[in-house]
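Novice: My questions will all concern the structure given below.
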Amino acid sequence: MSDTETQTGFSAFIAGFAMIMVSEMGDRTFLSNCVMAMKHDRKLVFFSAMAALALMAILSAILGYTLPALLSKKYTQYLAIVLFLIFGVKMLMEAKEMSHNQAQEELEEVNKQLIGGDDELHKLEELESGGLVVEPIKKTSGWINLVNYIFSPTFVQIFTITFIAEWGDRSQIGTIILAASSDYPINVILGTIIGHGICTALAVICGKLLAQKISVKTVTFFGGCLFLLFGIYTLIEAIFWPEDD
């Protein structure tokens with residue numbers, strides 16, 4: 001592999017990673033995982049959420065990679081430019097309308113929404129255990145108990161909430177666009193999964209503290225700027241280094 005190919009592949013990795021960090025930090029998926037980690041075992045919340053996020057990243061990248069087979073590479077680049085710019089402007093407009101304590105407000109809202117679902121989850125666990133509530137995984141119990149517990153109602157609930165929340169989210173659309181406009185979809189997948197892993201780990205370990213301290217307004221602003229930069233870079237690439245059809 002030449003130095004140019006290595007640099008291009010690394011750029012695809014960094015683009016995927018950066019896009020996830022500015023899109024996911026403080027969003028509703030982040031806050032949902034934060035709330036779940038307050039009520040359930042943190043390892044279980046992390047792995048169930050990451051299973052959904054990794055699956056979403058792979059499916060999105062595959063979808064993006066197949067786009068050039070349906071459209072020419074040139075039109076795929078033009079589509080990517082338009083979508084990057086739209087998402088960038090949209091995020092900047094959202095940042096302008098946000099309050100500085102947006103994360104704390106959304107955390108409280110997400111917590112209220114999940115209370116009802118959590119009550120239903122406990123009822124289901126009681127039914128499955130013959131009326132006895134299943135004990136949560138102890139942190140000292142090791143990985144075997146985690147594997148035995150992985151298909152529990154809690155795992156399924158967190159996986160489903162995360163997957164549905166990410167479907168159609170800007171991070172999913174961003175992954176599709178990056179994979180469509182890059183020759184290195186594997187690098188995009190790795191970058192997005194690592195980005196998701198860091199955001200999810202922060203959510204389950206110290207999410208409540210971050211939600212109180214983080215400025216979603218600032219993160220959203222920088223996210224909008226990043227999407228605009230992606231659009232401008234793709235435009236320059238399309239003009240000066242056009243792909244052969």
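Going by the structure tokens order, chains are called A, B, ..., each with residues numbered from 1, while ligands are numbered from 1 in the order shown.
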I'd like the neighbourhood of range 15-22 of chain A as a CSV table (one decimal) with C-alpha atoms, in the first residue's frame, where a residue qualifies if any of its atoms comes within 8 Å (using only C-alpha atoms), though same-chain residues fewer than 3 positions away should be ignored.
Specialist:
chain,number,residue,atom,x,y,z
A,11,SER,CA,-8.4,10.2,6.7
A,12,ALA,CA,-11.5,8.0,6.2
A,25,MET,CA,-21.9,13.3,22.4
A,171,SER,CA,-24.8,9.8,12.6
A,174,GLY,CA,-23.3,10.6,8.0
A,175,THR,CA,-21.9,7.1,8.0
A,178,LEU,CA,-18.8,8.9,4.3
A,187,ASN,CA,-11.9,2.4,7.8
A,188,VAL,CA,-15.1,4.4,8.1
A,189,ILE,CA,-16.7,1.5,10.0
A,190,LEU,CA,-13.7,1.2,12.4
A,191,GLY,CA,-13.7,5.0,13.0
A,192,THR,CA,-17.5,5.1,13.7
A,193,ILE,CA,-17.4,2.0,16.0
A,194,ILE,CA,-14.5,3.4,18.0
A,195,GLY,CA,-16.2,6.7,18.2
A,196,HIS,CA,-19.4,5.0,19.4
A,199,CYS,CA,-19.2,8.0,23.6
A,219,VAL,CA,-20.9,20.3,20.6
A,220,THR,CA,-23.7,20.8,18.1
A,222,PHE,CA,-18.8,22.2,16.2
A,223,GLY,CA,-20.6,19.3,14.7
A,226,LEU,CA,-17.4,19.6,10.8
A,227,PHE,CA,-20.2,18.6,8.4
Novice: Mind running range 169-237 of chain A against range 83-90 of chain A at 7 Å and telling me each contacting residue's nearest atom pair with the distance in Å (one decimal), counting only C-alpha atoms, chain and number ascending, as a Markdown table?
Specialist:
| residue | atom | partner | partner_atom | distance |
| --- | --- | --- | --- | --- |
| A:Gly224 | CA | A:Gly88 | CA | 4.0 |
| A:Cys225 | CA | A:Gly88 | CA | 6.1 |
| A:Phe227 | CA | A:Gly88 | CA | 4.7 |
| A:Leu228 | CA | A:Gly88 | CA | 4.9 |
| A:Phe230 | CA | A:Phe84 | CA | 6.4 |
| A:Gly231 | CA | A:Phe84 | CA | 4.9 |
Novice: Just the residues within 6 Å of range 34-36 of chain A, please, counting only C-alpha atoms, with nothing from its chain fewer than 2 positions along; format it as a list in words.
Specialist: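 Listing them by chain and then by number gives Leu31, Ser32, Met38, Lys39, His40, Ala203, Val204 and Gly207 of chain A.
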Novice: Can I get the selected residues back with C-alpha atoms, as a PDB file, in the first residue's frame?
Specialist:
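Result file follows (result19.pdb):
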ATOM      1  CA  LEU A  31     -28.606  10.278  27.461  1.00  0.00           C
ATOM      2  CA  SER A  32     -30.648   7.053  27.206  1.00  0.00           C
ATOM      3  CA  MET A  38     -28.027   4.383  36.567  1.00  0.00           C
ATOM      4  CA  LYS A  39     -30.588   1.558  36.810  1.00  0.00           C
ATOM      5  CA  HIS A  40     -28.779  -1.503  35.402  1.00  0.00           C
ATOM      6  CA  ALA A 203     -22.298   7.707  28.963  1.00  0.00           C
ATOM      7  CA  VAL A 204     -22.358   4.613  31.186  1.00  0.00           C
ATOM      8  CA  GLY A 207     -22.882  10.212  31.818  1.00  0.00           C
TER       9      GLY A 207
END
Novice: From the list A:Leu59, A:Pro185, A:Ile173, A:Ile239, which residue is nearest Ala80 in chain A when using only C-alpha atoms?
Specialist: A:Ile173
Novice: Just the number, please: distance in Å from CA of Leu53 in chain A to CA of Asp183 in chain A, one decimal.
Specialist: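 Atom-to-atom, CA of Leu53 in chain A to CA of Asp183 in chain A, that is 22.1 Å.
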Novice: Would you mind reading off the distance between CA of Glu94 in chain A and CA of Leu79 in chain A, one decimal, in Å?
Specialist: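 Separating CA of Glu94 in chain A from CA of Leu79 in chain A is a distance of 22.3 Å.
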Novice: Write out as a ChimeraX atom specification all residues of range 65-101 of chain A that DSSP puts in alpha helix (DSSP H) for this structure's backbone.
Specialist: /A:65-70,73-97
Novice: When you count only C-alpha atoms, which of these residues is closest to Pro68 in chain A: A:Ala37, A:Ala51, A:Ala179, A:Val156?
Specialist: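 Among A:Ala37, A:Ala51, A:Ala179, A:Val156, it is A:Ala179 that comes nearest to Pro68 in chain A.
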Novice: Mind giving me the straight-line distance from CA of Met91 in chain A to CA of Ile232 in chain A in Å, one decimal?
Specialist: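 Distance reported for this atom pair: 15.8 Å.
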Novice: Just want the 7 Å neighbourhood of Ala49 in chain A, counted on only C-alpha atoms, with same-chain residues fewer than 3 positions away dropped. Output as a PyMOL selection string.
Specialist: chain A and resi 45-46+52-53+158-159+162
Novice: Include N, CA and C atoms and write out the residues we just selected as a PDB file, in the first residue's frame.
Specialist:
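Once written, again.pdb looks like this:
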ATOM      1  N   VAL A  45     -25.227  -2.570  29.975  1.00  0.00           N
ATOM      2  CA  VAL A  45     -25.680  -1.410  29.193  1.00  0.00           C
ATOM      3  C   VAL A  45     -24.692  -1.113  28.076  1.00  0.00           C
ATOM      4  N   PHE A  46     -23.401  -1.146  28.392  1.00  0.00           N
ATOM      5  CA  PHE A  46     -22.380  -0.837  27.385  1.00  0.00           C
ATOM      6  C   PHE A  46     -22.423  -1.833  26.235  1.00  0.00           C
ATOM      7  N   ALA A  52     -25.885  -2.788  19.234  1.00  0.00           N
ATOM      8  CA  ALA A  52     -26.803  -2.088  18.333  1.00  0.00           C
ATOM      9  C   ALA A  52     -26.061  -1.064  17.479  1.00  0.00           C
ATOM     10  N   LEU A  53     -25.145  -0.317  18.091  1.00  0.00           N
ATOM     11  CA  LEU A  53     -24.426   0.735  17.375  1.00  0.00           C
ATOM     12  C   LEU A  53     -23.464   0.159  16.332  1.00  0.00           C
ATOM     13  N   ILE A 158     -32.448  -2.405  25.862  1.00  0.00           N
ATOM     14  CA  ILE A 158     -31.428  -1.401  25.563  1.00  0.00           C
ATOM     15  C   ILE A 158     -31.000  -1.485  24.099  1.00  0.00           C
ATOM     16  N   PHE A 159     -30.823  -2.716  23.603  1.00  0.00           N
ATOM     17  CA  PHE A 159     -30.468  -2.911  22.199  1.00  0.00           C
ATOM     18  C   PHE A 159     -31.524  -2.288  21.297  1.00  0.00           C
ATOM     19  N   THR A 162     -31.665   1.620  21.511  1.00  0.00           N
ATOM     20  CA  THR A 162     -30.511   2.223  20.842  1.00  0.00           C
ATOM     21  C   THR A 162     -30.620   2.111  19.330  1.00  0.00           C
TER      22      THR A 162
END
Novice: Closest to Tyr233 in chain A among A:Met50, A:Ile14, A:Ile58, A:Ile81, using only C-alpha atoms?
Specialist: A:Ile81
Novice: From the options A:Gln172, A:Gln157, A:Ser72, A:Thr234, which residue's atoms come nearest to Ala54 in chain A, counting only C-alpha atoms?
Specialist: A:Gln172
Novice: When you look at Ala95 in chain A with a cut-off of 8 Å (counting only C-alpha atoms), what residues show up, excluding the ones that are within fewer than 6 positions of it in the same chain? I need them as a VMD selection string.
Specialist: chain A and resid 216 to 218 220 to 221
Novice: Those same residues - N, CA, C and O atoms - I'd like them written as a PDB file, in the first residue's frame.
Specialist:
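To be explicit, this is the file written out as selection_32.pdb:
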ATOM      1  N   VAL A 216     -24.209  20.936  25.094  1.00  0.00           N
ATOM      2  CA  VAL A 216     -24.656  20.351  23.840  1.00  0.00           C
ATOM      3  C   VAL A 216     -24.718  21.417  22.755  1.00  0.00           C
ATOM      4  O   VAL A 216     -24.507  21.136  21.577  1.00  0.00           O
ATOM      5  N   LYS A 217     -24.978  22.638  23.149  1.00  0.00           N
ATOM      6  CA  LYS A 217     -25.008  23.761  22.211  1.00  0.00           C
ATOM      7  C   LYS A 217     -23.655  23.911  21.507  1.00  0.00           C
ATOM      8  O   LYS A 217     -23.586  24.028  20.281  1.00  0.00           O
ATOM      9  N   THR A 218     -22.567  23.845  22.302  1.00  0.00           N
ATOM     10  CA  THR A 218     -21.217  23.976  21.735  1.00  0.00           C
ATOM     11  C   THR A 218     -20.863  22.773  20.873  1.00  0.00           C
ATOM     12  O   THR A 218     -20.314  22.920  19.773  1.00  0.00           O
ATOM     13  N   THR A 220     -22.902  20.744  19.311  1.00  0.00           N
ATOM     14  CA  THR A 220     -23.705  20.790  18.091  1.00  0.00           C
ATOM     15  C   THR A 220     -23.156  21.817  17.117  1.00  0.00           C
ATOM     16  O   THR A 220     -23.138  21.591  15.902  1.00  0.00           O
ATOM     17  N   PHE A 221     -22.686  22.939  17.638  1.00  0.00           N
ATOM     18  CA  PHE A 221     -22.081  23.975  16.775  1.00  0.00           C
ATOM     19  C   PHE A 221     -20.855  23.428  16.055  1.00  0.00           C
ATOM     20  O   PHE A 221     -20.712  23.580  14.831  1.00  0.00           O
TER      21      PHE A 221
END
